[in-house]
$ cat upload_9.cif   # mmCIF, C-alpha atoms
data_start
loop_
_atom_site.label_atom_id
_atom_site.label_comp_id
_atom_site.auth_asym_id
_atom_site.auth_seq_id
_atom_site.Cartn_x
_atom_site.Cartn_y
_atom_site.Cartn_z
CA MET Z 1 116.30 131.57 85.55
CA LYS Z 2 118.79 133.26 83.22
CA PRO Z 3 117.72 136.13 80.94
CA ASN Z 4 117.18 135.09 77.31
CA LYS Z 5 120.18 137.12 76.09
CA ASP Z 6 122.53 135.26 78.44
CA ILE Z 7 121.11 131.94 77.30
CA GLN Z 8 121.69 132.84 73.63
CA THR Z 9 125.30 133.89 74.38
CA HIS Z 10 125.90 130.65 76.29
CA LEU Z 11 124.36 128.63 73.45
CA ASP Z 12 126.71 130.38 70.98
CA GLN Z 13 129.65 129.34 73.14
CA LEU Z 14 128.36 125.77 73.34
CA MET Z 15 127.92 125.62 69.57
CA ASN Z 16 131.49 126.85 69.14
CA SER Z 17 132.90 124.21 71.45
CA ALA Z 18 130.82 121.53 69.69
CA GLU Z 19 132.18 122.62 66.30
CA LYS Z 20 135.79 123.16 67.30
CA SER Z 21 136.87 120.34 69.54
CA ILE Z 22 140.46 120.51 70.78
CA PRO Z 23 142.51 117.93 68.84
CA LEU Z 24 143.39 114.96 71.06
CA SER Z 25 146.42 112.70 71.00
CA THR Z 26 146.68 109.07 72.01
CA SER Z 27 148.36 108.18 75.30
CA ALA Z 28 152.04 107.18 75.56
CA GLY Z 29 151.56 103.40 75.65
CA PHE Z 30 149.11 103.30 72.74
CA GLU Z 31 151.42 101.79 70.11
CA GLU Z 32 153.02 99.29 72.48
CA LYS Z 33 149.60 98.04 73.60
CA LEU Z 34 148.42 97.83 70.00
CA PHE Z 35 151.43 95.84 68.81
CA THR Z 36 150.97 93.40 71.70
CA ARG Z 37 147.45 92.85 70.39
CA PHE Z 38 148.84 92.29 66.89
CA ASP Z 39 151.20 89.65 68.34
CA GLU Z 40 148.23 87.88 69.94
CA ILE Z 41 146.34 87.89 66.63
CA ASP Z 42 149.40 86.45 64.86
CA LYS Z 43 149.67 83.68 67.46
CA GLN Z 44 146.01 82.74 67.00
CA GLU Z 45 146.36 82.79 63.20
CA ASN Z 46 149.47 80.60 63.35
CA LEU Z 47 147.70 78.07 65.54
CA ARG Z 48 144.74 77.97 63.16
CA SER Z 49 146.82 77.50 60.04
CA ALA Z 50 149.38 75.09 61.53
CA THR Z 51 149.79 71.86 59.44
CA ILE Z 52 149.50 68.70 61.46
CA PHE Z 53 151.22 66.62 58.72
CA SER Z 54 151.99 67.22 55.08
CA LEU Z 55 151.29 64.91 52.11
CA ASN Z 56 152.17 65.13 48.43
CA GLU Z 57 149.47 64.94 45.70
CA ILE Z 58 149.67 61.15 45.12
CA GLN Z 59 149.60 60.45 48.84
CA LYS Z 60 146.48 62.64 49.15
CA TYR Z 61 144.67 60.66 46.38
CA ALA Z 62 145.79 57.39 47.95
CA ALA Z 63 144.47 58.51 51.34
CA VAL Z 64 141.07 59.42 49.84
CA ILE Z 65 140.80 56.08 47.97
CA LEU Z 66 141.79 54.13 51.08
CA PHE Z 67 139.19 56.03 53.08
CA LEU Z 68 136.48 55.21 50.49
CA VAL Z 69 137.46 51.51 50.30
CA LEU Z 70 137.35 51.22 54.08
CA ASN Z 71 133.92 52.85 54.20
CA ILE Z 72 132.51 50.65 51.44
CA SER Z 73 133.86 47.51 53.11
CA VAL Z 74 132.24 48.49 56.41
CA ILE Z 75 128.88 49.06 54.65
CA LEU Z 76 129.11 45.73 52.79
CA PHE Z 77 130.03 43.84 55.94
CA TYR Z 78 127.12 45.39 57.81
CA THR Z 79 124.53 44.58 55.08
CA SER Z 80 125.73 40.99 54.69
CA SER Z 81 125.56 40.41 58.45
CA LEU Z 82 121.97 41.73 58.41
CA ASN Z 83 121.00 39.22 55.66
CA SER Z 84 122.48 36.28 57.52
CA SER Z 85 120.63 37.15 60.73
CA GLU Z 86 117.35 37.29 58.73
CA GLU Z 87 118.04 33.74 57.39
CA THR Z 88 118.64 32.41 60.89
CA GLN Z 89 115.35 33.92 62.00
CA ASP Z 90 113.50 32.11 59.13
CA ILE Z 91 114.95 28.69 60.12
CA VAL Z 92 113.97 29.19 63.74
CA THR Z 93 110.33 29.98 62.81
CA GLU Z 94 110.19 27.06 60.38
CA TYR Z 95 111.30 24.43 62.91
CA SER Z 96 110.10 25.96 66.18
CA ASP Z 97 106.70 24.22 65.98
CA GLU Z 98 108.37 20.87 65.50
CA TYR Z 99 110.85 21.20 68.35
CA PHE Z 100 108.62 23.15 70.69
CA PRO Z 101 105.01 22.01 70.10
CA ASN Z 102 102.40 24.03 71.93
CA TYR Z 103 100.58 22.74 74.96
CA ALA Z 104 97.28 21.85 73.15
CA THR Z 105 99.11 19.60 70.68
CA LEU Z 106 100.88 17.81 73.52
CA THR Z 107 97.65 17.13 75.51
CA SER Z 108 95.79 15.91 72.39
CA LEU Z 109 98.45 13.23 71.91
CA GLU Z 110 97.83 11.74 75.33
CA MET I 1 151.24 103.01 42.81
CA GLU I 2 152.92 104.02 46.06
CA GLU I 3 149.72 103.31 48.03
CA LYS I 4 149.38 99.93 46.28
CA ALA I 5 152.87 98.96 47.37
CA PHE I 6 152.13 100.16 50.89
CA ILE I 7 148.89 98.15 51.02
CA GLN I 8 150.79 95.08 49.84
CA ARG I 9 153.24 95.55 52.70
CA LEU I 10 150.30 95.77 55.08
CA ARG I 11 148.85 92.57 53.61
CA ASP I 12 152.19 90.88 54.22
CA LYS I 13 151.75 91.94 57.87
CA ASN I 14 154.89 94.04 57.67
CA ARG I 15 155.31 95.59 61.11
CA THR I 16 157.19 98.66 59.83
CA ALA I 17 154.32 99.42 57.48
CA PHE I 18 151.80 99.03 60.31
CA ALA I 19 153.89 101.27 62.54
CA GLU I 20 153.78 103.94 59.79
CA LEU I 21 150.03 103.52 59.41
CA VAL I 22 149.40 103.76 63.14
CA ARG I 23 151.61 106.85 63.50
CA GLU I 24 149.80 108.56 60.62
CA TYR I 25 146.22 107.79 61.59
CA LYS I 26 146.04 107.18 65.35
CA ASP I 27 145.25 110.80 66.29
CA PRO I 28 142.77 111.56 63.48
CA LEU I 29 140.89 108.32 64.21
CA LEU I 30 140.93 109.03 67.95
CA ASN I 31 139.36 112.42 67.24
CA VAL I 32 136.63 110.87 65.08
CA CYS I 33 135.78 108.40 67.85
CA TYR I 34 135.88 111.16 70.46
CA GLY I 35 133.52 113.22 68.30
CA TYR I 36 130.92 110.48 68.83
CA LEU I 37 131.71 109.14 72.28
CA LYS I 38 132.93 112.30 74.08
CA ASP I 39 135.06 110.18 76.39
CA VAL I 40 138.84 110.06 75.85
CA ASP I 41 139.40 106.58 77.32
CA ASP I 42 136.51 105.02 75.40
CA ALA I 43 137.67 106.77 72.21
CA GLU I 44 141.21 105.43 72.67
CA ASP I 45 139.95 101.89 73.29
CA LEU I 46 137.84 102.11 70.15
CA THR I 47 140.82 103.41 68.13
CA GLN I 48 142.72 100.30 69.24
CA GLU I 49 139.79 98.16 68.07
CA ILE I 50 139.79 99.91 64.69
CA PHE I 51 143.49 99.23 64.09
CA THR I 52 143.00 95.63 65.20
CA GLU I 53 140.19 95.27 62.68
CA VAL I 54 142.40 96.79 59.97
CA TYR I 55 145.17 94.31 60.86
CA ARG I 56 142.75 91.38 60.70
CA THR I 57 140.82 92.37 57.59
CA ILE I 58 143.38 94.13 55.39
CA ASP I 59 143.16 91.14 52.98
CA ASN I 60 139.47 91.95 52.42
CA PHE I 61 140.21 95.57 51.48
CA LYS I 62 139.14 95.82 47.82
CA GLU I 63 140.92 99.10 47.04
CA GLU I 64 137.71 100.60 45.62
CA ALA I 65 138.29 103.51 47.99
CA SER I 66 141.52 104.87 49.41
CA LEU I 67 142.98 103.34 52.54
CA PHE I 68 142.21 106.56 54.39
CA THR I 69 138.53 106.45 53.36
CA TRP I 70 138.24 102.76 54.29
CA MET I 71 139.70 103.35 57.75
CA TYR I 72 137.45 106.34 58.39
CA ARG I 73 134.42 104.28 57.36
CA ILE I 74 135.41 101.64 59.90
CA ALA I 75 135.85 104.36 62.54
CA VAL I 76 132.41 105.85 61.84
CA SER I 77 130.58 102.53 61.81
CA ARG I 78 132.33 101.27 64.97
CA SER I 79 131.56 104.53 66.77
CA LEU I 80 127.90 104.31 65.78
CA ASP I 81 127.79 100.68 66.98
CA GLU I 82 129.29 101.76 70.29
CA LEU I 83 126.66 104.48 70.67
CA LYS I 84 123.89 101.96 69.96
CA LYS I 85 125.35 99.65 72.60
CA ARG I 86 125.38 102.49 75.11
CA ARG I 87 121.78 103.33 74.32
CA SER I 88 120.76 99.77 75.01
CA LEU I 89 122.38 99.98 78.45
CA LYS I 90 120.12 101.22 81.19
CA ARG I 91 120.55 104.97 81.06
CA ALA I 92 120.21 105.41 84.79
CA ALA I 93 122.95 102.90 85.55
CA TYR I 94 125.24 104.47 82.97
CA PHE I 95 124.81 107.99 84.31
CA GLU I 96 125.13 106.84 87.91
CA LYS I 97 128.51 105.33 87.04
CA ARG I 98 129.58 108.54 85.30
CA VAL I 99 128.45 110.75 88.17
CA ARG I 100 130.22 108.55 90.73
CA SER I 101 133.50 108.56 88.84
CA GLU I 102 133.23 112.31 88.45
CA ALA I 103 132.56 112.85 92.12
CA ALA I 104 135.68 110.80 92.92
CA GLU I 105 137.65 112.79 90.37
CA LEU I 106 136.39 116.06 91.84
CA GLU I 107 137.45 114.95 95.32
CA MET I 108 140.92 114.12 94.01
CA ASN I 109 141.17 117.51 92.33
CA GLN I 110 140.15 119.33 95.49
CA LYS I 111 143.07 117.72 97.29
CA SER I 112 145.66 119.14 94.91
CA SER I 113 145.77 122.92 94.86
CA ASP I 114 147.68 123.44 91.57
CA LEU I 115 144.86 122.00 89.45
CA PRO I 116 142.08 124.20 87.96
CA ASP I 117 139.06 125.20 90.02
CA PRO I 118 136.90 122.07 90.53
CA GLU I 119 133.71 124.03 90.00
CA ASP I 120 134.91 125.26 86.62
CA GLU I 121 135.92 121.75 85.71
CA LEU I 122 132.53 120.38 86.71
CA LEU I 123 130.81 123.07 84.65
CA GLN I 124 132.98 122.14 81.66
CA LYS I 125 132.05 118.49 82.05
CA GLN I 126 128.41 119.39 82.36
CA GLN I 127 128.74 121.31 79.09
CA GLN I 128 130.42 118.33 77.44
CA TYR I 129 127.51 116.07 78.50
CA PHE I 130 125.07 118.61 77.21
CA ILE I 131 126.82 118.81 73.82
CA GLN I 132 127.13 115.02 73.62
CA ASN I 133 123.48 114.41 74.44
CA CYS I 134 122.35 117.04 71.96
CA LEU I 135 124.60 115.53 69.27
CA ASN I 136 123.09 112.12 70.00
CA GLU I 137 119.65 113.51 69.18
CA LEU I 138 120.75 114.40 65.64
CA PRO I 139 119.82 111.93 62.86
CA GLU I 140 122.70 109.50 62.13
CA THR I 141 123.80 111.01 58.79
CA GLN I 142 123.72 114.57 60.11
CA ARG I 143 125.71 113.58 63.18
CA THR I 144 128.33 111.81 61.06
CA ALA I 145 128.67 114.78 58.72
CA PHE I 146 128.96 117.12 61.70
CA VAL I 147 131.54 115.01 63.55
CA LEU I 148 133.69 114.52 60.45
CA SER I 149 133.48 118.18 59.44
CA GLN I 150 134.69 119.35 62.83
CA GLN I 151 137.91 117.36 62.48
CA ASP I 152 140.92 119.28 61.23
CA GLY I 153 141.96 118.46 57.68
CA LEU I 154 138.76 116.64 56.68
CA SER I 155 137.39 118.44 53.66
CA TYR I 156 133.81 118.12 52.37
CA LYS I 157 135.25 116.11 49.48
CA GLU I 158 136.80 113.61 51.88
CA ILE I 159 133.60 113.41 53.94
CA ALA I 160 131.68 112.80 50.69
CA GLN I 161 133.99 109.85 49.91
CA ILE I 162 133.66 108.41 53.41
CA MET I 163 129.88 108.74 53.48
CA GLU I 164 129.49 107.80 49.78
CA LYS I 165 127.42 110.92 49.04
CA SER I 166 127.74 113.85 46.66
CA LEU I 167 129.63 116.99 47.61
CA SER I 168 126.49 119.14 47.54
CA SER I 169 124.57 116.76 49.78
CA ILE I 170 127.42 116.85 52.32
CA GLU I 171 127.39 120.66 52.29
CA SER I 172 123.66 120.71 52.98
CA LEU I 173 123.96 117.90 55.59
CA VAL I 174 126.58 119.84 57.55
CA HIS I 175 124.52 123.02 57.30
CA ARG I 176 121.34 121.26 58.45
CA SER I 177 123.19 119.46 61.24
CA LYS I 178 124.37 122.81 62.66
CA GLN I 179 120.86 124.29 62.45
CA ASN I 180 119.30 121.24 64.09
CA LEU I 181 121.96 121.06 66.79
CA ARG I 182 121.22 124.65 67.73
CA LYS I 183 117.48 123.89 67.90
CA ILE I 184 118.09 120.80 70.06
CA MET I 185 120.36 122.80 72.36
CA GLU I 186 117.70 125.48 72.78
CA LYS I 187 115.07 122.83 73.54
CA ASN I 188 117.19 121.02 76.15
CA TYR I 189 118.97 124.00 77.72
CA GLU I 190 116.65 124.41 80.71
CA ASN I 191 117.09 120.76 81.72
CA TYR I 192 120.86 121.09 82.05
CA PHE I 193 121.67 124.63 83.24
#
$ encode --input "upload_9.cif" --output "structure tokens"
Amino acid sequence: MKPNKDIQTHLDQLMNSAEKSIPLSTSAGFEEKLFTRFDEIDKQENLRSATIFSLNEIQKYAAVILFLVLNISVILFYTSSLNSSEETQDIVTEYSDEYFPNYATLTSLE
Amino acid sequence: MEEKAFIQRLRDKNRTAFAELVREYKDPLLNVCYGYLKDVDDAEDLTQEIFTEVYRTIDNFKEEASLFTWMYRIAVSRSLDELKKRRSLKRAAYFEKRVRSEAAELEMNQKSSDLPDPEDELLQKQQQYFIQNCLNELPETQRTAFVLSQQDGLSYKEIAQIMEKSLSSIESLVHRSKQNLRKIMEKNYENYF
């Protein structure tokens, strides 16, 4: 156990070293390493912003309209095919009794 | 006007401008990070991260503060994040790693005779840990004011701009941080020495 006076002197020294840290400098390869990282960032950015193909304004509008027309035609085709399948179902139920009479009807005829 | 033109060059990703920026600020930023982390390698890695962030986000810099202030703010907030990360690590595992690497370092030093006395070196490291752990016990704003004030060339006015506080509040923060640090050191002294 140190005497209190020694502790206070040591604490003064510690406070001094906490307040006045020796200025540090970066290591030799710091800039080189950093600029390699910048190159990597640039590469990633270039990949992200790369244009796959380029179109002028009119071509862009034409592409959007064509896309809409194609979508609408697909929807229309799908809804019309649904309607026609419903009609077929109605005809089958209407005539099924006639073509396929149930067993009780057949035995009553005998 | 000159700074505006320089910032524009940075936004254009001009490598000469970035080289100037790095040369100007690498050491001051390293010292800020070291003030928090007390580990040279970690501080250098973090300084690299800060410059990378500046490179990535320079377009978002609104020029409400100076470039210097903006970069220092990034340095302070990244250092605080790093400290929080460290705190979330298991303390025992962290210290075990540190002690092991130090023991290896000490062994290396003992082998070469022209290096300083290993015991003195160990004592110095022990003191560094002590200072770091005591600094970590300070409230966040006091610690930031203390770390920034200990850096050469950082005036209270500059610290006030970085921390977005008035000059008088920075003066009292630095004063209180020194008083509290001393109290914390007195409280923890017996556990370390």
$ resolve_selection --input "upload_9.cif" --expression "the PyMOL selection byres ((chain Z) within 12 of (chain I))" --output "count of residues only"
43
$ resolve_selection --input "upload_9.cif" --expression "the PyMOL selection byres ((chain I and resi 62-79) around 9)" --output "PDB file with C-alpha atoms, in the coordinates of the input"
ATOM      1  CA  GLU I   3     149.720 103.310  48.030  1.00  0.00           C
ATOM      2  CA  LYS I   4     149.380  99.930  46.280  1.00  0.00           C
ATOM      3  CA  ILE I   7     148.890  98.150  51.020  1.00  0.00           C
ATOM      4  CA  TYR I  25     146.220 107.790  61.590  1.00  0.00           C
ATOM      5  CA  LEU I  29     140.890 108.320  64.210  1.00  0.00           C
ATOM      6  CA  LEU I  30     140.930 109.030  67.950  1.00  0.00           C
ATOM      7  CA  VAL I  32     136.630 110.870  65.080  1.00  0.00           C
ATOM      8  CA  CYS I  33     135.780 108.400  67.850  1.00  0.00           C
ATOM      9  CA  TYR I  34     135.880 111.160  70.460  1.00  0.00           C
ATOM     10  CA  TYR I  36     130.920 110.480  68.830  1.00  0.00           C
ATOM     11  CA  LEU I  37     131.710 109.140  72.280  1.00  0.00           C
ATOM     12  CA  ALA I  43     137.670 106.770  72.210  1.00  0.00           C
ATOM     13  CA  LEU I  46     137.840 102.110  70.150  1.00  0.00           C
ATOM     14  CA  THR I  47     140.820 103.410  68.130  1.00  0.00           C
ATOM     15  CA  GLU I  49     139.790  98.160  68.070  1.00  0.00           C
ATOM     16  CA  ILE I  50     139.790  99.910  64.690  1.00  0.00           C
ATOM     17  CA  PHE I  51     143.490  99.230  64.090  1.00  0.00           C
ATOM     18  CA  GLU I  53     140.190  95.270  62.680  1.00  0.00           C
ATOM     19  CA  VAL I  54     142.400  96.790  59.970  1.00  0.00           C
ATOM     20  CA  ILE I  58     143.380  94.130  55.390  1.00  0.00           C
ATOM     21  CA  ASP I  59     143.160  91.140  52.980  1.00  0.00           C
ATOM     22  CA  ASN I  60     139.470  91.950  52.420  1.00  0.00           C
ATOM     23  CA  PHE I  61     140.210  95.570  51.480  1.00  0.00           C
ATOM     24  CA  LEU I  80     127.900 104.310  65.780  1.00  0.00           C
ATOM     25  CA  ASP I  81     127.790 100.680  66.980  1.00  0.00           C
ATOM     26  CA  GLU I  82     129.290 101.760  70.290  1.00  0.00           C
ATOM     27  CA  LEU I  83     126.660 104.480  70.670  1.00  0.00           C
ATOM     28  CA  LYS I  84     123.890 101.960  69.960  1.00  0.00           C
ATOM     29  CA  THR I 144     128.330 111.810  61.060  1.00  0.00           C
ATOM     30  CA  LEU I 148     133.690 114.520  60.450  1.00  0.00           C
ATOM     31  CA  GLU I 158     136.800 113.610  51.880  1.00  0.00           C
ATOM     32  CA  ILE I 159     133.600 113.410  53.940  1.00  0.00           C
ATOM     33  CA  GLN I 161     133.990 109.850  49.910  1.00  0.00           C
ATOM     34  CA  ILE I 162     133.660 108.410  53.410  1.00  0.00           C
ATOM     35  CA  MET I 163     129.880 108.740  53.480  1.00  0.00           C
TER      36      MET I 163
END
$ closest_residue --input "upload_9.cif" --among "I:Glu171, I:Asp39, I:Asn188, I:Arg11" --to "Lys125 in chain I" --atoms "only C-alpha atoms"
I:Asp39
$ atom_distance --input "upload_9.cif" --atom1 "CA of Arg86 in chain I" --atom2 "CA of Glu164 in chain I"
26.2 Å
$ atom_distance --input "upload_9.cif" --atom1 "CA of Thr141 in chain I" --atom2 "CA of Leu173 in chain I"
7.6 Å
$ atom_distance --input "upload_9.cif" --atom1 "CA of Glu140 in chain I" --atom2 "CA of Gln126 in chain I"
23.2 Å
